[in-house]
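Remarks on the structure that follows.
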Amino acid sequence: MSDWSMIDTWIVLTGMVIAMSCALVGNFLVIRRMSLMGDAISHAVLPGLAVAFLLSGDRHPLPMFAGAVAAGLLTAFLTEWIRTNGRMEADAAMGVIFTTLFAIGLLLIVRAADSVDLDPGCVLYGAIELSPLDTVPVGPWEWPRAFAIGLVVLAINVVVIGLFYKELVLSSFDPEAAAALGFKPRRIYYLLMALVAVTAVASFESVGSILVIAMLIVPGVCGTLLARRLPGVLAASAVVAMLSAIGGHVMAIGIPPIFGFVDTSTSGSMAVAAGILFVGVFLVAPENGVLARWAHQRSLRDRIRCEDVLGALYRWHEEHGEKGPVVRWPELAARIGLGPTQARRIRRLLRRNGLIGYVADDAVHLTGEGKRQAAIVIRDHRLWEVYLHHQVQLPADHVHATSEALEHLTSDGMRRRLERDATGASVDPHGKVIP
Amino acid sequence: MPDRRNDMMVEFPWDDLRRLTGLADYNTRVVLLGSLLLGLVSGAVGSFMVLRKRAMISDVVSHAALPGIVAAFMVLTVLGGDGKSWLALLTGALISGLLGMAAVHAITTHARVKQDAALGVVLSVFFGAGVVLLGFTQRMKSGSSAGLESFIYGKTASMLASDAWLLAGSALAATVICLAFFKEFRLVCFDAEFARAQGWPVRRVDALLTGLVVVVTVIGLQAVGLILMIALLITPAVTARFWTDRLGSMVIIASGLGALACVTGAALSALYPRVPAGSVIVLSCSTLFLIGLLFGRRRGLVPEAWRRIRLAARTERHHVLRAVYEQWEQRGVQGFHAHAGTGSVLVSAGDLAAVRRWSEARLQRVLREAAADGDVELDAWPLVRLTSRGMSHARQLVRNHRLWEWYLIQHAEVDPHHVDRDADEIEHVLGAAMVRELEATLPGRLSGAELPSSPHPLTDTEEAGWRKGPA
């Protein structure tokens, strides 16, 4: 890590522009539930490269680029064609087409290995480590060629997505509506596929197909977990892409020395860094993350238990009168079915909110605020019983369990409707007074 | 350029072919047997996988296997063992493939991520991890990692006898499981909701199927390579779908196609130098797929087009026969040459053409086909003679047409002037049971062959004449 040089900076910058351009178009693949199309297209460009090479006879970038993009579009087109004409699932169609094209490409390359200077391994792993050595003059500077190409592709993606933003969004989320409004969703689909192919091919040489696939999918998935609206999703995915590039290279040169190696594949590390970021997002994302969901469920469970305690105390006071025998916390907790740890949590919550009071010997009673809230819970419970008995016509001895669940979910508006339906009733079907 | 072309063309290796077909060489026998078994089992497992709409999981499994393979190699090398032990590498592949599937399951159940996105994430990240580990091995001092890349692109020829036996054992086990759980797999593939409602353990059946896919993918990795392995599971299965509608035959056909493709691929790869086995196996699958797509008996494009053409021709013939009958019925004997005694009826071709504005050529073509079947005779052209066979045929068609018209008028409350076109489409597909039902719904309770009258004037030209009233 101490010997970070200009070369490392260039590697990270190159990785960043490529990762961001992949992430930008990848978002739309993820939204359209076609994530694996990125995988298919980036494998299927191989025959395009091989044929362009065999025809042009050298590694001229332009024919190679054109051949690869054509192969990518051919994948999308053939997949769509056999899906409709062969009546099969989209991903099965995709699997048939991209493996066929890849097999053709591999066969061509291996057969003509003497004359073709294409290494299939290079297509997979790329050579981002070497990219800073190949520079082009840009104005007064010498930029790595891969970085310059990446920047151009990023610009193309930003401009095209900006121009067709409305069409892309509509046809991705609701293709039928897009068609009905005259937006030509098929053209937008092929436009997107062309963008994917251009991005994948331009990025290949430097970062290899493995990083292209990772960057097409992972940042987009992270984005959908992090944000709700599409602009936020796009921004979040771009940030994830950038962080993967930085983290990937740091890992590639920082971790191997610990085990006595010099370094390892930077592209692979960038994919792994994206995976680590994904796991992080998967855990901590607001709303959709595992922790957020877990916390939400826990707070809901706690609220329901607190309300159960309040209700039980209310009933105890109702049955035995205000001056009756005291109720002890362990008995109460056991009656509601709380384990010892849960009981301690719930008691702490209730006391912190000033809902229950404590005398001595574990004896608990409702405070003034506690009584008020307990009355609401019991009122909801008995209103539901009345409703279920009179309106739904359940027998009186069947309404308790359902009301027990519904009492925790009653909103103000729903309570007003229940009150309206129960006008005149002052007792529930069991003869208990509705508070 | 010419040099390169020479380079691409290789003289046909007759000697090698003799060696191969004679199965003289022990190693060749092993490789061919291994490929055969691999093709058989992947066709069978792939059928269930494709029908369960999980076609891409095999791709994810094969990519996710890479870190396991490389990690197993590294552990073996560090421990000082033989880094190329096939069994150990495949165990590594199996473990990381299963881990990948578990990760997909965890992602889709615990966060709002769609199946395809979860598959994509696992595929790319696991493969990236594999490439990172591969980067380590290439820089390791001890042991050569050169063989590991054969897992990416496949190398059937490197199969040894012990590998083939392992493959045979796994394939046999997978086949037995497929047969033993055939009923469960069928139920889950076709109607998972129904299976769940019936109390079948759908999730466990799915897990078993996924496990089978992982096993088959892993044992095929070395032969076909991890990028192309998915083709061996998907392509024979979807190809079989073109030939049959039944699950049992689909599994058998897919197994046969998979075996054929694998053996062809392995043989070609053994015959020619520098032909990667994985590519040839996949291209054999693709060729079989193309044949199925074009000529498959059930869903192939050519048989479907042929059926469409046949149906269109039959419809046209029915229309002409009905027109002949209705012309005759409208005008009676008058103006026509009814040959009493022969039971045949003559109608002018010009009048027929006017009924539906048929062109003369088109009408002649249809009539010639009808003549070939003996429904009409054209000996008095431009008069068309309806034979007695044609007469009963035409009468049946007219009857179906009118039954349907009356049904539409009475039960669907369609205006009598609008029923003709609707009935045009239905009359060709009315079965005998349907005709009986229609007869029963009509108020007059038609007996046997009685013909209801047309609820509307027959043709535009007729209509004009009818309005003027009979002379």
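By order in the structure tokens, chains are A, B, ...; within a chain, residues start at 1; ligands start at 1, following the order shown.
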task: Write down, as a ChimeraX atom specification, each residue of chain A that has any atom within 8 Å of an atom of chain B, counting only C-alpha atoms.
output: /A:30,33-36,39,85-86,88-89,91-92,95-96,99-100,102-104,106-107,110-112,115,125,210-211,213-214,217-218,221,225,256,261-272,274-275,282,288-290
- prompt: Skipping near chain neighbours, those fewer than 3 positions away, what residues fall within 12 Å of Ala349 in chain B using only C-alpha atoms, listed as a ChimeraX atom specification?
  reply: /B:320-321,323-324,327,336,346,352-364,366-367,376-378,380-386
Take the residues that were just selected and, keeping C-alpha atoms, output them as a PDB file, in the first residue's frame.
ATOM      1  CA  VAL B 320     -66.893 -23.158 -51.757  1.00  0.00           C
ATOM      2  CA  LEU B 321     -68.942 -26.302 -51.076  1.00  0.00           C
ATOM      3  CA  ALA B 323     -71.667 -21.699 -51.675  1.00  0.00           C
ATOM      4  CA  VAL B 324     -72.487 -24.378 -54.252  1.00  0.00           C
ATOM      5  CA  GLN B 327     -76.801 -21.417 -54.831  1.00  0.00           C
ATOM      6  CA  PHE B 336     -79.557 -24.928 -63.396  1.00  0.00           C
ATOM      7  CA  LEU B 346     -74.608 -28.219 -61.665  1.00  0.00           C
ATOM      8  CA  LEU B 352     -69.854 -19.061 -57.309  1.00  0.00           C
ATOM      9  CA  ALA B 353     -67.062 -16.519 -57.749  1.00  0.00           C
ATOM     10  CA  ALA B 354     -69.529 -13.718 -57.064  1.00  0.00           C
ATOM     11  CA  VAL B 355     -70.512 -15.118 -53.653  1.00  0.00           C
ATOM     12  CA  ARG B 356     -67.225 -14.210 -51.974  1.00  0.00           C
ATOM     13  CA  ARG B 357     -65.567 -12.265 -54.780  1.00  0.00           C
ATOM     14  CA  TRP B 358     -63.128 -15.146 -55.339  1.00  0.00           C
ATOM     15  CA  SER B 359     -60.726 -14.597 -58.198  1.00  0.00           C
ATOM     16  CA  GLU B 360     -61.125 -17.101 -60.993  1.00  0.00           C
ATOM     17  CA  ALA B 361     -57.700 -18.644 -60.409  1.00  0.00           C
ATOM     18  CA  ARG B 362     -58.314 -19.054 -56.713  1.00  0.00           C
ATOM     19  CA  LEU B 363     -61.729 -20.596 -57.245  1.00  0.00           C
ATOM     20  CA  GLN B 364     -60.321 -23.007 -59.825  1.00  0.00           C
ATOM     21  CA  VAL B 366     -59.958 -24.818 -54.650  1.00  0.00           C
ATOM     22  CA  LEU B 367     -62.351 -26.629 -57.000  1.00  0.00           C
ATOM     23  CA  VAL B 376     -67.197 -32.065 -57.300  1.00  0.00           C
ATOM     24  CA  GLU B 377     -66.658 -32.875 -60.974  1.00  0.00           C
ATOM     25  CA  LEU B 378     -65.375 -30.319 -63.431  1.00  0.00           C
ATOM     26  CA  ALA B 380     -68.794 -29.557 -67.650  1.00  0.00           C
ATOM     27  CA  TRP B 381     -66.599 -26.501 -66.907  1.00  0.00           C
ATOM     28  CA  PRO B 382     -67.555 -23.614 -66.502  1.00  0.00           C
ATOM     29  CA  LEU B 383     -70.343 -25.534 -64.830  1.00  0.00           C
ATOM     30  CA  VAL B 384     -69.467 -27.273 -61.569  1.00  0.00           C
ATOM     31  CA  ARG B 385     -71.083 -30.604 -60.853  1.00  0.00           C
ATOM     32  CA  LEU B 386     -71.648 -31.483 -57.189  1.00  0.00           C
TER      33      LEU B 386
END
field: Residues within 12 Å of Glu129 in chain A, only C-alpha atoms, excluding chain neighbours under 2 positions, as a PyMOL selection string
entry: chain A and resi 7-15+125-127+131-134+144+146+205-208+249+252-253+263-269
Restricted to N, CA and C atoms, what would the selected residues look like written as an mmCIF file, in the first residue's frame?
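Result file result_18.cif:
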data_model
loop_
_atom_site.group_PDB
_atom_site.id
_atom_site.type_symbol
_atom_site.label_atom_id
_atom_site.label_comp_id
_atom_site.auth_asym_id
_atom_site.auth_seq_id
_atom_site.Cartn_x
_atom_site.Cartn_y
_atom_site.Cartn_z
ATOM 1 N N ILE A 7 0.437 4.995 -11.474
ATOM 2 C CA ILE A 7 -0.162 3.872 -12.202
ATOM 3 C C ILE A 7 -1.402 3.367 -11.474
ATOM 4 N N ASP A 8 -1.288 3.253 -10.150
ATOM 5 C CA ASP A 8 -2.441 2.778 -9.383
ATOM 6 C C ASP A 8 -3.595 3.767 -9.486
ATOM 7 N N THR A 9 -3.291 5.058 -9.439
ATOM 8 C CA THR A 9 -4.345 6.064 -9.586
ATOM 9 C C THR A 9 -5.050 5.905 -10.931
ATOM 10 N N TRP A 10 -4.256 5.711 -11.989
ATOM 11 C CA TRP A 10 -4.861 5.543 -13.312
ATOM 12 C C TRP A 10 -5.723 4.279 -13.363
ATOM 13 N N ILE A 11 -5.242 3.192 -12.744
ATOM 14 C CA ILE A 11 -6.021 1.943 -12.747
ATOM 15 C C ILE A 11 -7.367 2.179 -12.075
ATOM 16 N N VAL A 12 -7.327 2.869 -10.930
ATOM 17 C CA VAL A 12 -8.581 3.114 -10.213
ATOM 18 C C VAL A 12 -9.502 4.015 -11.037
ATOM 19 N N LEU A 13 -8.924 5.072 -11.648
ATOM 20 C CA LEU A 13 -9.754 5.983 -12.442
ATOM 21 C C LEU A 13 -10.386 5.242 -13.620
ATOM 22 N N THR A 14 -9.597 4.402 -14.294
ATOM 23 C CA THR A 14 -10.127 3.623 -15.418
ATOM 24 C C THR A 14 -11.256 2.713 -14.942
ATOM 25 N N GLY A 15 -10.984 2.000 -13.835
ATOM 26 C CA GLY A 15 -12.023 1.122 -13.279
ATOM 27 C C GLY A 15 -13.280 1.911 -12.957
ATOM 28 N N TYR A 125 -10.671 -12.000 -18.255
ATOM 29 C CA TYR A 125 -10.084 -11.277 -17.117
ATOM 30 C C TYR A 125 -9.708 -9.854 -17.450
ATOM 31 N N GLY A 126 -9.455 -9.549 -18.739
ATOM 32 C CA GLY A 126 -8.973 -8.233 -19.105
ATOM 33 C C GLY A 126 -7.575 -8.022 -18.594
ATOM 34 N N ALA A 127 -7.069 -6.825 -18.801
ATOM 35 C CA ALA A 127 -5.712 -6.531 -18.341
ATOM 36 C C ALA A 127 -5.673 -5.098 -17.860
ATOM 37 N N SER A 131 -3.235 -1.360 -18.380
ATOM 38 C CA SER A 131 -3.844 -0.301 -19.182
ATOM 39 C C SER A 131 -3.105 1.035 -19.080
ATOM 40 N N PRO A 132 -2.512 1.442 -17.934
ATOM 41 C CA PRO A 132 -1.861 2.764 -17.890
ATOM 42 C C PRO A 132 -0.657 2.868 -18.810
ATOM 43 N N LEU A 133 -0.140 1.725 -19.290
ATOM 44 C CA LEU A 133 1.054 1.778 -20.129
ATOM 45 C C LEU A 133 0.729 2.190 -21.555
ATOM 46 N N ASP A 134 -0.518 2.005 -21.960
ATOM 47 C CA ASP A 134 -0.924 2.296 -23.333
ATOM 48 C C ASP A 134 -1.642 3.649 -23.323
ATOM 49 N N PRO A 144 -4.227 7.238 -20.322
ATOM 50 C CA PRO A 144 -4.325 5.834 -20.743
ATOM 51 C C PRO A 144 -5.488 5.688 -21.731
ATOM 52 N N ALA A 146 -7.461 3.183 -22.290
ATOM 53 C CA ALA A 146 -8.653 2.566 -21.703
ATOM 54 C C ALA A 146 -9.478 3.596 -20.942
ATOM 55 N N GLU A 205 -11.562 -4.985 -23.175
ATOM 56 C CA GLU A 205 -10.126 -5.109 -23.330
ATOM 57 C C GLU A 205 -9.433 -4.782 -22.019
ATOM 58 N N SER A 206 -9.960 -3.770 -21.342
ATOM 59 C CA SER A 206 -9.259 -3.359 -20.137
ATOM 60 C C SER A 206 -9.696 -4.152 -18.909
ATOM 61 N N VAL A 207 -10.998 -4.387 -18.745
ATOM 62 C CA VAL A 207 -11.405 -4.992 -17.473
ATOM 63 C C VAL A 207 -11.932 -6.414 -17.614
ATOM 64 N N GLY A 208 -12.152 -6.899 -18.837
ATOM 65 C CA GLY A 208 -12.615 -8.279 -18.990
ATOM 66 C C GLY A 208 -14.101 -8.409 -18.740
ATOM 67 N N HIS A 249 -9.245 -2.278 -6.245
ATOM 68 C CA HIS A 249 -7.806 -2.172 -6.493
ATOM 69 C C HIS A 249 -7.027 -2.179 -5.186
ATOM 70 N N ALA A 252 -6.759 -5.643 -4.210
ATOM 71 C CA ALA A 252 -5.897 -6.439 -5.086
ATOM 72 C C ALA A 252 -4.436 -6.245 -4.752
ATOM 73 N N ILE A 253 -4.042 -5.034 -4.359
ATOM 74 C CA ILE A 253 -2.621 -4.866 -4.044
ATOM 75 C C ILE A 253 -2.359 -4.893 -2.543
ATOM 76 N N ASP A 263 0.440 -9.683 -5.794
ATOM 77 C CA ASP A 263 -0.865 -9.056 -6.026
ATOM 78 C C ASP A 263 -1.767 -10.093 -6.683
ATOM 79 N N THR A 264 -2.976 -9.713 -7.073
ATOM 80 C CA THR A 264 -3.852 -10.643 -7.789
ATOM 81 C C THR A 264 -4.653 -9.849 -8.802
ATOM 82 N N SER A 265 -5.598 -10.514 -9.459
ATOM 83 C CA SER A 265 -6.355 -9.863 -10.536
ATOM 84 C C SER A 265 -7.175 -8.690 -10.005
ATOM 85 N N THR A 266 -6.928 -7.514 -10.589
ATOM 86 C CA THR A 266 -7.659 -6.328 -10.139
ATOM 87 C C THR A 266 -9.138 -6.403 -10.541
ATOM 88 N N SER A 267 -9.412 -6.901 -11.762
ATOM 89 C CA SER A 267 -10.826 -6.986 -12.188
ATOM 90 C C SER A 267 -11.612 -7.880 -11.242
ATOM 91 N N GLY A 268 -11.033 -9.047 -10.959
ATOM 92 C CA GLY A 268 -11.701 -9.971 -10.044
ATOM 93 C C GLY A 268 -11.945 -9.316 -8.697
ATOM 94 N N SER A 269 -10.932 -8.596 -8.187
ATOM 95 C CA SER A 269 -11.084 -7.952 -6.884
ATOM 96 C C SER A 269 -12.177 -6.907 -6.916
#
- prompt: Quick one: DSSP alpha helix (DSSP H) residues in range 185-349 of chain B, as a PyMOL selection string?
  reply: chain B and resi 185-190+192-197+202-224+229-243+247-271+277-295+301-331+349
- request: Pick out the residues sitting within 6 Å of range 243-252 of chain B, and hand them over as a PyMOL selection string; count only C-alpha atoms, and ignore anything fewer than 3 positions along from it in its own chain.
  value: chain B and resi 44+47+240+255+296-298
Selection export as an mmCIF file, in the first residue's frame, atoms kept: C-alpha atoms:
data_model
loop_
_atom_site.group_PDB
_atom_site.id
_atom_site.type_symbol
_atom_site.label_atom_id
_atom_site.label_comp_id
_atom_site.auth_asym_id
_atom_site.auth_seq_id
_atom_site.Cartn_x
_atom_site.Cartn_y
_atom_site.Cartn_z
ATOM 1 C CA ALA B 44 -33.028 -35.505 -18.065
ATOM 2 C CA SER B 47 -35.881 -31.005 -18.745
ATOM 3 C CA ALA B 240 -37.191 -32.034 -26.946
ATOM 4 C CA SER B 255 -31.478 -37.446 -22.752
ATOM 5 C CA GLY B 296 -40.124 -30.559 -34.573
ATOM 6 C CA ARG B 297 -43.350 -32.518 -34.837
ATOM 7 C CA ARG B 298 -45.221 -30.590 -32.119
#
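Interatomic distance, CA of Asn353 in chain A to CA of His365 in chain A: 13.8 Å.
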